[in-house]
>>> print(open('model07.csv').read())   # CSV, C-alpha atoms
chain,number,residue,atom,x,y,z
A,1,MET,CA,0.0,0.0,0.0
A,2,PHE,CA,2.5,2.6,1.1
A,3,LYS,CA,5.9,2.5,-0.3
A,4,ILE,CA,8.7,4.1,1.6
A,5,ARG,CA,10.5,6.3,-0.7
A,6,GLN,CA,14.2,6.3,-0.4
A,7,MET,CA,15.7,9.7,-0.1
A,8,ASP,CA,17.7,10.8,-3.1
A,9,THR,CA,21.1,11.7,-1.8
A,10,ASN,CA,22.3,12.6,-5.2
A,11,HIS,CA,20.1,15.7,-5.1
A,12,PHE,CA,22.0,17.0,-2.0
A,13,GLN,CA,25.3,16.1,-3.6
A,14,ASP,CA,24.4,18.0,-6.7
A,15,LYS,CA,23.6,21.1,-4.7
A,16,THR,CA,26.8,20.8,-2.8
A,17,SER,CA,28.7,20.3,-6.0
A,18,VAL,CA,27.2,23.4,-7.6
A,19,LYS,CA,28.0,25.4,-4.5
A,20,ASN,CA,31.6,24.2,-4.5
A,21,GLU,CA,31.8,24.9,-8.2
A,22,ILE,CA,30.6,28.5,-7.7
A,23,GLU,CA,33.0,29.1,-4.8
A,24,ILE,CA,35.9,27.6,-6.8
A,25,ASN,CA,35.1,29.8,-9.8
A,26,SER,CA,34.9,32.9,-7.6
A,27,VAL,CA,38.3,32.1,-6.2
A,28,ALA,CA,39.6,31.5,-9.7
A,29,TYR,CA,38.3,35.0,-10.8
A,30,ARG,CA,40.0,36.6,-7.8
A,31,PHE,CA,43.3,34.9,-8.6
A,32,GLY,CA,42.9,35.9,-12.2
A,33,ILE,CA,42.6,39.5,-11.1
A,34,ILE,CA,45.6,39.2,-8.8
A,35,ALA,CA,47.7,37.6,-11.6
A,36,ALA,CA,46.7,40.4,-14.0
A,37,PHE,CA,47.5,43.2,-11.5
A,38,SER,CA,50.8,41.5,-10.5
A,39,ALA,CA,51.9,41.2,-14.1
A,40,VAL,CA,50.9,44.8,-14.8
A,41,PHE,CA,52.8,46.0,-11.7
A,42,VAL,CA,56.0,44.2,-12.8
A,43,SER,CA,55.6,45.6,-16.3
A,44,ILE,CA,55.3,49.2,-14.9
A,45,LEU,CA,58.3,48.6,-12.7
A,46,LEU,CA,60.4,47.4,-15.6
A,47,PHE,CA,59.3,50.4,-17.6
A,48,ILE,CA,60.2,52.8,-14.8
A,49,LEU,CA,63.6,51.1,-14.3
A,50,ASN,CA,64.1,51.1,-18.1
A,51,TYR,CA,64.5,47.2,-18.1
A,52,GLU,CA,61.5,46.4,-20.3
A,53,PHE,CA,63.7,45.2,-23.2
A,54,HIS,CA,66.5,43.6,-21.3
A,55,GLY,CA,67.3,39.9,-21.6
A,56,LEU,CA,65.2,37.7,-19.4
A,57,LEU,CA,63.7,40.5,-17.4
A,58,LYS,CA,61.3,41.3,-20.3
A,59,TRP,CA,59.7,37.9,-19.5
A,60,MET,CA,59.1,38.7,-15.8
A,61,PRO,CA,55.4,39.8,-16.2
A,62,ILE,CA,54.4,36.5,-17.8
A,63,ILE,CA,56.5,34.5,-15.4
A,64,VAL,CA,54.8,36.2,-12.4
A,65,PHE,CA,51.4,35.5,-14.0
A,66,LEU,CA,52.3,31.8,-14.5
A,67,ILE,CA,53.7,31.4,-10.9
A,68,ILE,CA,50.5,33.0,-9.5
A,69,LEU,CA,48.4,30.6,-11.6
A,70,LEU,CA,50.3,27.6,-10.2
A,71,VAL,CA,50.0,28.9,-6.6
A,72,ALA,CA,46.3,29.5,-7.2
A,73,GLN,CA,45.7,25.9,-8.3
A,74,LYS,CA,47.6,24.6,-5.3
A,75,GLN,CA,45.8,26.9,-2.9
A,76,ILE,CA,42.4,26.0,-4.3
A,77,VAL,CA,43.1,22.3,-3.7
A,78,LYS,CA,44.5,23.0,-0.2
A,79,MET,CA,41.5,25.1,0.7
A,80,ASN,CA,39.1,22.4,-0.4
A,81,SER,CA,41.0,19.3,0.7
A,82,SER,CA,37.8,17.3,1.2
A,83,TYR,CA,36.7,18.1,-2.3
A,84,ALA,CA,37.9,15.9,-5.2
A,85,PHE,CA,39.8,17.7,-8.0
A,86,SER,CA,40.1,15.9,-11.2
A,87,PHE,CA,42.6,17.0,-13.8
A,88,GLY,CA,39.8,18.6,-15.8
A,89,LYS,CA,38.4,20.6,-12.9
A,90,LEU,CA,41.8,21.9,-12.0
A,91,PHE,CA,42.7,22.7,-15.6
A,92,LYS,CA,39.4,24.6,-15.8
A,93,VAL,CA,40.3,26.7,-12.8
A,94,GLY,CA,43.7,27.5,-14.3
A,95,PHE,CA,42.1,28.3,-17.6
A,96,ILE,CA,39.6,30.7,-16.0
A,97,ILE,CA,42.6,32.4,-14.2
A,98,SER,CA,44.4,32.6,-17.6
A,99,ILE,CA,41.4,34.2,-19.3
A,100,ILE,CA,40.9,36.8,-16.6
A,101,ALA,CA,44.6,37.6,-16.4
A,102,ALA,CA,44.9,37.8,-20.2
A,103,ILE,CA,42.0,40.2,-20.4
A,104,GLY,CA,43.5,42.4,-17.7
A,105,MET,CA,47.0,42.3,-19.3
A,106,LEU,CA,45.4,43.1,-22.7
A,107,ILE,CA,43.7,46.2,-21.3
A,108,TYR,CA,46.9,47.3,-19.7
A,109,PHE,CA,48.9,46.7,-22.9
A,110,ASN,CA,46.5,48.8,-24.8
A,111,ILE,CA,46.9,51.7,-22.3
A,112,TYR,CA,50.6,51.1,-22.3
A,113,ILE,CA,51.1,51.4,-26.1
A,114,GLN,CA,48.6,54.2,-26.5
A,115,LEU,CA,49.3,56.4,-23.5
A,116,ILE,CA,52.3,55.3,-21.3
A,117,ASN,CA,54.8,54.4,-24.0
A,118,PRO,CA,53.6,55.4,-27.5
A,119,ASP,CA,57.1,55.1,-28.8
A,120,PHE,CA,57.1,51.3,-27.9
A,121,ALA,CA,57.1,50.2,-31.6
A,122,ASP,CA,59.9,52.6,-32.4
A,123,LYS,CA,62.0,51.3,-29.6
A,124,ILE,CA,61.5,47.7,-30.8
A,125,LEU,CA,62.6,48.8,-34.3
A,126,GLU,CA,65.7,50.5,-32.8
A,127,ILE,CA,66.6,47.5,-30.8
A,128,SER,CA,66.1,45.2,-33.8
A,129,ARG,CA,68.3,47.5,-35.9
A,130,THR,CA,71.1,47.4,-33.3
A,131,GLU,CA,70.9,43.6,-32.9
A,132,MET,CA,71.1,43.1,-36.7
A,133,ALA,CA,74.1,45.4,-36.9
A,134,LYS,CA,75.8,43.5,-34.0
A,135,LYS,CA,75.3,40.3,-36.1
A,136,GLY,CA,77.2,41.9,-39.0
A,137,LEU,CA,74.4,42.4,-41.4
A,138,ASN,CA,74.9,45.0,-44.1
A,139,ASP,CA,72.6,48.0,-44.5
A,140,GLU,CA,70.4,46.4,-47.1
A,141,GLN,CA,69.8,43.3,-45.0
A,142,ILE,CA,69.1,45.5,-42.0
A,143,GLU,CA,66.5,47.5,-43.9
A,144,LYS,CA,64.8,44.3,-45.1
A,145,GLY,CA,64.7,43.0,-41.6
A,146,ILE,CA,63.3,46.2,-40.2
A,147,GLU,CA,60.7,46.2,-43.0
A,148,MET,CA,59.6,42.7,-41.9
A,149,THR,CA,59.7,43.6,-38.2
A,150,HIS,CA,57.6,46.6,-38.9
A,151,LYS,CA,54.8,44.4,-40.2
A,152,PHE,CA,54.5,42.6,-36.9
A,153,ILE,CA,54.6,45.5,-34.5
A,154,SER,CA,51.3,47.2,-35.3
A,155,PRO,CA,49.4,47.9,-32.0
A,156,THR,CA,46.5,45.6,-33.0
A,157,PHE,CA,48.7,42.7,-34.0
A,158,MET,CA,50.8,43.0,-30.8
A,159,MET,CA,47.7,43.1,-28.6
A,160,VAL,CA,46.2,40.0,-30.4
A,161,MET,CA,49.5,38.1,-30.1
A,162,SER,CA,49.9,39.1,-26.5
A,163,PHE,CA,46.4,37.8,-25.7
A,164,ILE,CA,46.9,34.6,-27.6
A,165,SER,CA,50.3,34.0,-26.0
A,166,SER,CA,49.0,34.6,-22.5
A,167,ILE,CA,46.2,32.1,-23.1
A,168,LEU,CA,48.6,29.6,-24.6
A,169,PHE,CA,51.2,29.9,-21.8
A,170,GLY,CA,48.4,29.9,-19.2
A,171,SER,CA,46.8,26.7,-20.7
A,172,ILE,CA,50.1,24.9,-20.8
A,173,THR,CA,50.8,25.9,-17.2
A,174,SER,CA,47.3,25.0,-16.2
A,175,ALA,CA,47.8,21.5,-17.6
A,176,ILE,CA,51.1,21.1,-15.7
A,177,GLY,CA,49.5,22.4,-12.5
A,178,ALA,CA,46.5,20.2,-12.9
A,179,ALA,CA,48.7,17.2,-13.4
A,180,ILE,CA,50.7,18.0,-10.3
A,181,PHE,CA,48.0,19.1,-7.9
A,182,LYS,CA,45.0,17.0,-8.9
A,183,ASN,CA,43.3,15.3,-6.0
A,184,GLU,CA,40.9,12.6,-7.2
A,185,LYS,CA,40.0,11.1,-3.9
A,186,VAL,CA,36.3,10.9,-3.1
>>> encode(input="model07.csv", output="structure tokens")
Amino acid sequence: MFKIRQMDTNHFQDKTSVKNEIEINSVAYRFGIIAAFSAVFVSILLFILNYEFHGLLKWMPIIVFLIILLVAQKQIVKMNSSYAFSFGKLFKVGFIISIIAAIGMLIYFNIYIQLINPDFADKILEISRTEMAKKGLNDEQIEKGIEMTHKFISPTFMMVMSFISSILFGSITSAIGAAIFKNEKV
């Protein structure tokens, strides 16, 4: 006559899963913003100190971004130690951080080349010319090289490539971090 209905525990697990997903995404957004501001800060510092084109230092903003991405993945797993993190979930967290940071860095880069350092492209050409001369190229070869370089330093092209490279490096780092920090226990 009366059937005792068994309580559906999956319903409660789904709500908990959604809540955890929302919390994890909000933490990822915050770390994305932190990564963007940190990379921008390092870029501004390099500009002020006139080291923006020097050797490995020119890569410091992207290195800072990638380190923060890895730290974020580790922290998210540590903060939610009872929650299982598959490779895919942790990669998604890193990818969200990469997208947010790349957007922030893109906005900064646009401001940088338009307002802060409008001579950026000219400096790149000057450095390219100097490097070619150091390699012993003649004037004709240098001019051809500068002509080719000039095609790739339009503000739009540089912004698009900056965004794509940030996403690419962020995705690779997210995959590495996800492989290292995944926690698939249930």
>>> residues_around(input="model07.csv", residues="stretch 102-114 of chain A", least_positions_apart="5", cutoff="8 Å", atoms="only C-alpha atoms", output="PyMOL selection string")
chain A and resi 33+36-37+39-40+119-120+155+159+162-163+166-167
>>> atom_distance(input="model07.csv", atom1="atom CA of A:Ile100", atom2="atom CA of A:Gly32")
4.9 Å
>>> atom_distance(input="model07.csv", atom1="atom CA of A:Arg129", atom2="atom CA of A:His54")
15.2 Å
>>> atom_distance(input="model07.csv", atom1="atom CA of A:Ile76", atom2="atom CA of A:Ile24")
7.1 Å
>>> closest_residue(input="model07.csv", among="A:Ala35, A:Ala28, A:Leu125, A:Ile180", to="A:Met148", atoms="only C-alpha atoms")
A:Leu125
>>> closest_residue(input="model07.csv", among="A:Ala121, A:Leu45, A:Ile67, A:Ala101", to="A:Lys151", atoms="only C-alpha atoms")
A:Ala121
>>> closest_residue(input="model07.csv", among="A:Leu70, A:Ile142, A:Asp122, A:Ile127", to="A:Ser154", atoms="all atoms listed in the file")
A:Asp122
>>> closest_residue(input="model07.csv", among="A:Ile44, A:Lys89, A:Trp59, A:Phe65", to="A:Asn25", atoms="only C-alpha atoms")
A:Lys89
>>> closest_residue(input="model07.csv", among="A:Ile62, A:Leu90, A:Leu49, A:Ile124", to="A:Ala179", atoms="all atoms listed in the file")
A:Leu90
>>> closest_residue(input="model07.csv", among="A:Thr149, A:Asn80, A:Gln73, A:Ser38", to="A:Thr173", atoms="all atoms listed in the file")
A:Gln73
>>> decode(input="model07.csv", residues="stretch 124-158 of chain A", atoms="N, CA and C atoms", output="mmCIF file, in the first residue's frame")
data_model
loop_
_atom_site.group_PDB
_atom_site.id
_atom_site.type_symbol
_atom_site.label_atom_id
_atom_site.label_comp_id
_atom_site.auth_asym_id
_atom_site.auth_seq_id
_atom_site.Cartn_x
_atom_site.Cartn_y
_atom_site.Cartn_z
ATOM 1 N N ILE A 124 61.270 49.081 -30.350
ATOM 2 C CA ILE A 124 61.473 47.717 -30.840
ATOM 3 C C ILE A 124 62.266 47.743 -32.141
ATOM 4 N N LEU A 125 61.917 48.659 -33.041
ATOM 5 C CA LEU A 125 62.646 48.769 -34.313
ATOM 6 C C LEU A 125 64.096 49.167 -34.073
ATOM 7 N N GLU A 126 64.313 50.087 -33.158
ATOM 8 C CA GLU A 126 65.669 50.539 -32.843
ATOM 9 C C GLU A 126 66.506 49.389 -32.272
ATOM 10 N N ILE A 127 65.925 48.625 -31.365
ATOM 11 C CA ILE A 127 66.625 47.482 -30.778
ATOM 12 C C ILE A 127 66.902 46.426 -31.845
ATOM 13 N N SER A 128 65.931 46.199 -32.720
ATOM 14 C CA SER A 128 66.109 45.229 -33.805
ATOM 15 C C SER A 128 67.247 45.658 -34.720
ATOM 16 N N ARG A 129 67.279 46.934 -35.054
ATOM 17 C CA ARG A 129 68.340 47.468 -35.922
ATOM 18 C C ARG A 129 69.711 47.275 -35.265
ATOM 19 N N THR A 130 69.811 47.573 -33.988
ATOM 20 C CA THR A 130 71.070 47.427 -33.256
ATOM 21 C C THR A 130 71.517 45.968 -33.215
ATOM 22 N N GLU A 131 70.573 45.068 -32.938
ATOM 23 C CA GLU A 131 70.898 43.640 -32.873
ATOM 24 C C GLU A 131 71.362 43.112 -34.231
ATOM 25 N N MET A 132 70.713 43.565 -35.305
ATOM 26 C CA MET A 132 71.112 43.122 -36.650
ATOM 27 C C MET A 132 72.510 43.635 -36.997
ATOM 28 N N ALA A 133 72.795 44.871 -36.608
ATOM 29 C CA ALA A 133 74.121 45.439 -36.868
ATOM 30 C C ALA A 133 75.193 44.675 -36.087
ATOM 31 N N LYS A 134 74.872 44.272 -34.846
ATOM 32 C CA LYS A 134 75.823 43.492 -34.048
ATOM 33 C C LYS A 134 76.133 42.147 -34.693
ATOM 34 N N LYS A 135 75.158 41.605 -35.423
ATOM 35 C CA LYS A 135 75.347 40.316 -36.092
ATOM 36 C C LYS A 135 76.119 40.455 -37.400
ATOM 37 N N GLY A 136 76.438 41.706 -37.774
ATOM 38 C CA GLY A 136 77.248 41.943 -38.961
ATOM 39 C C GLY A 136 76.461 42.024 -40.260
ATOM 40 N N LEU A 137 75.154 42.241 -40.183
ATOM 41 C CA LEU A 137 74.366 42.375 -41.409
ATOM 42 C C LEU A 137 74.664 43.715 -42.080
ATOM 43 N N ASN A 138 74.617 43.728 -43.413
ATOM 44 C CA ASN A 138 74.853 44.991 -44.125
ATOM 45 C C ASN A 138 73.572 45.836 -44.092
ATOM 46 N N ASP A 139 73.674 47.088 -44.550
ATOM 47 C CA ASP A 139 72.550 48.030 -44.480
ATOM 48 C C ASP A 139 71.308 47.529 -45.215
ATOM 49 N N GLU A 140 71.504 46.893 -46.363
ATOM 50 C CA GLU A 140 70.367 46.389 -47.138
ATOM 51 C C GLU A 140 69.637 45.286 -46.373
ATOM 52 N N GLN A 141 70.392 44.379 -45.774
ATOM 53 C CA GLN A 141 69.795 43.300 -44.992
ATOM 54 C C GLN A 141 69.068 43.841 -43.763
ATOM 55 N N ILE A 142 69.687 44.846 -43.152
ATOM 56 C CA ILE A 142 69.059 45.473 -41.979
ATOM 57 C C ILE A 142 67.731 46.111 -42.372
ATOM 58 N N GLU A 143 67.721 46.833 -43.475
ATOM 59 C CA GLU A 143 66.482 47.489 -43.917
ATOM 60 C C GLU A 143 65.385 46.479 -44.238
ATOM 61 N N LYS A 144 65.750 45.360 -44.857
ATOM 62 C CA LYS A 144 64.759 44.307 -45.140
ATOM 63 C C LYS A 144 64.231 43.708 -43.832
ATOM 64 N N GLY A 145 65.140 43.510 -42.902
ATOM 65 C CA GLY A 145 64.734 42.984 -41.587
ATOM 66 C C GLY A 145 63.811 43.932 -40.845
ATOM 67 N N ILE A 146 64.136 45.222 -40.904
ATOM 68 C CA ILE A 146 63.309 46.242 -40.246
ATOM 69 C C ILE A 146 61.940 46.314 -40.926
ATOM 70 N N GLU A 147 61.927 46.211 -42.235
ATOM 71 C CA GLU A 147 60.675 46.216 -42.997
ATOM 72 C C GLU A 147 59.782 45.049 -42.546
ATOM 73 N N MET A 148 60.386 43.883 -42.383
ATOM 74 C CA MET A 148 59.637 42.698 -41.945
ATOM 75 C C MET A 148 59.160 42.868 -40.500
ATOM 76 N N THR A 149 60.046 43.349 -39.639
ATOM 77 C CA THR A 149 59.698 43.561 -38.233
ATOM 78 C C THR A 149 58.552 44.562 -38.111
ATOM 79 N N HIS A 150 58.585 45.592 -38.927
ATOM 80 C CA HIS A 150 57.557 46.639 -38.881
ATOM 81 C C HIS A 150 56.160 46.073 -39.123
ATOM 82 N N LYS A 151 56.055 45.031 -39.938
ATOM 83 C CA LYS A 151 54.756 44.415 -40.232
ATOM 84 C C LYS A 151 54.144 43.764 -38.991
ATOM 85 N N PHE A 152 55.007 43.341 -38.062
ATOM 86 C CA PHE A 152 54.531 42.602 -36.898
ATOM 87 C C PHE A 152 54.420 43.444 -35.632
ATOM 88 N N ILE A 153 54.621 44.735 -35.724
ATOM 89 C CA ILE A 153 54.554 45.542 -34.503
ATOM 90 C C ILE A 153 53.436 46.584 -34.534
ATOM 91 N N SER A 154 52.415 46.327 -35.323
ATOM 92 C CA SER A 154 51.256 47.219 -35.253
ATOM 93 C C SER A 154 50.584 46.989 -33.900
ATOM 94 N N PRO A 155 49.995 48.021 -33.316
ATOM 95 C CA PRO A 155 49.358 47.856 -32.001
ATOM 96 C C PRO A 155 48.323 46.724 -31.972
ATOM 97 N N THR A 156 47.509 46.626 -32.995
ATOM 98 C CA THR A 156 46.478 45.590 -33.015
ATOM 99 C C THR A 156 47.105 44.204 -33.051
ATOM 100 N N PHE A 157 48.082 44.006 -33.913
ATOM 101 C CA PHE A 157 48.746 42.704 -34.020
ATOM 102 C C PHE A 157 49.411 42.341 -32.700
ATOM 103 N N MET A 158 50.104 43.296 -32.087
ATOM 104 C CA MET A 158 50.792 43.022 -30.830
ATOM 105 C C MET A 158 49.799 42.677 -29.721
#
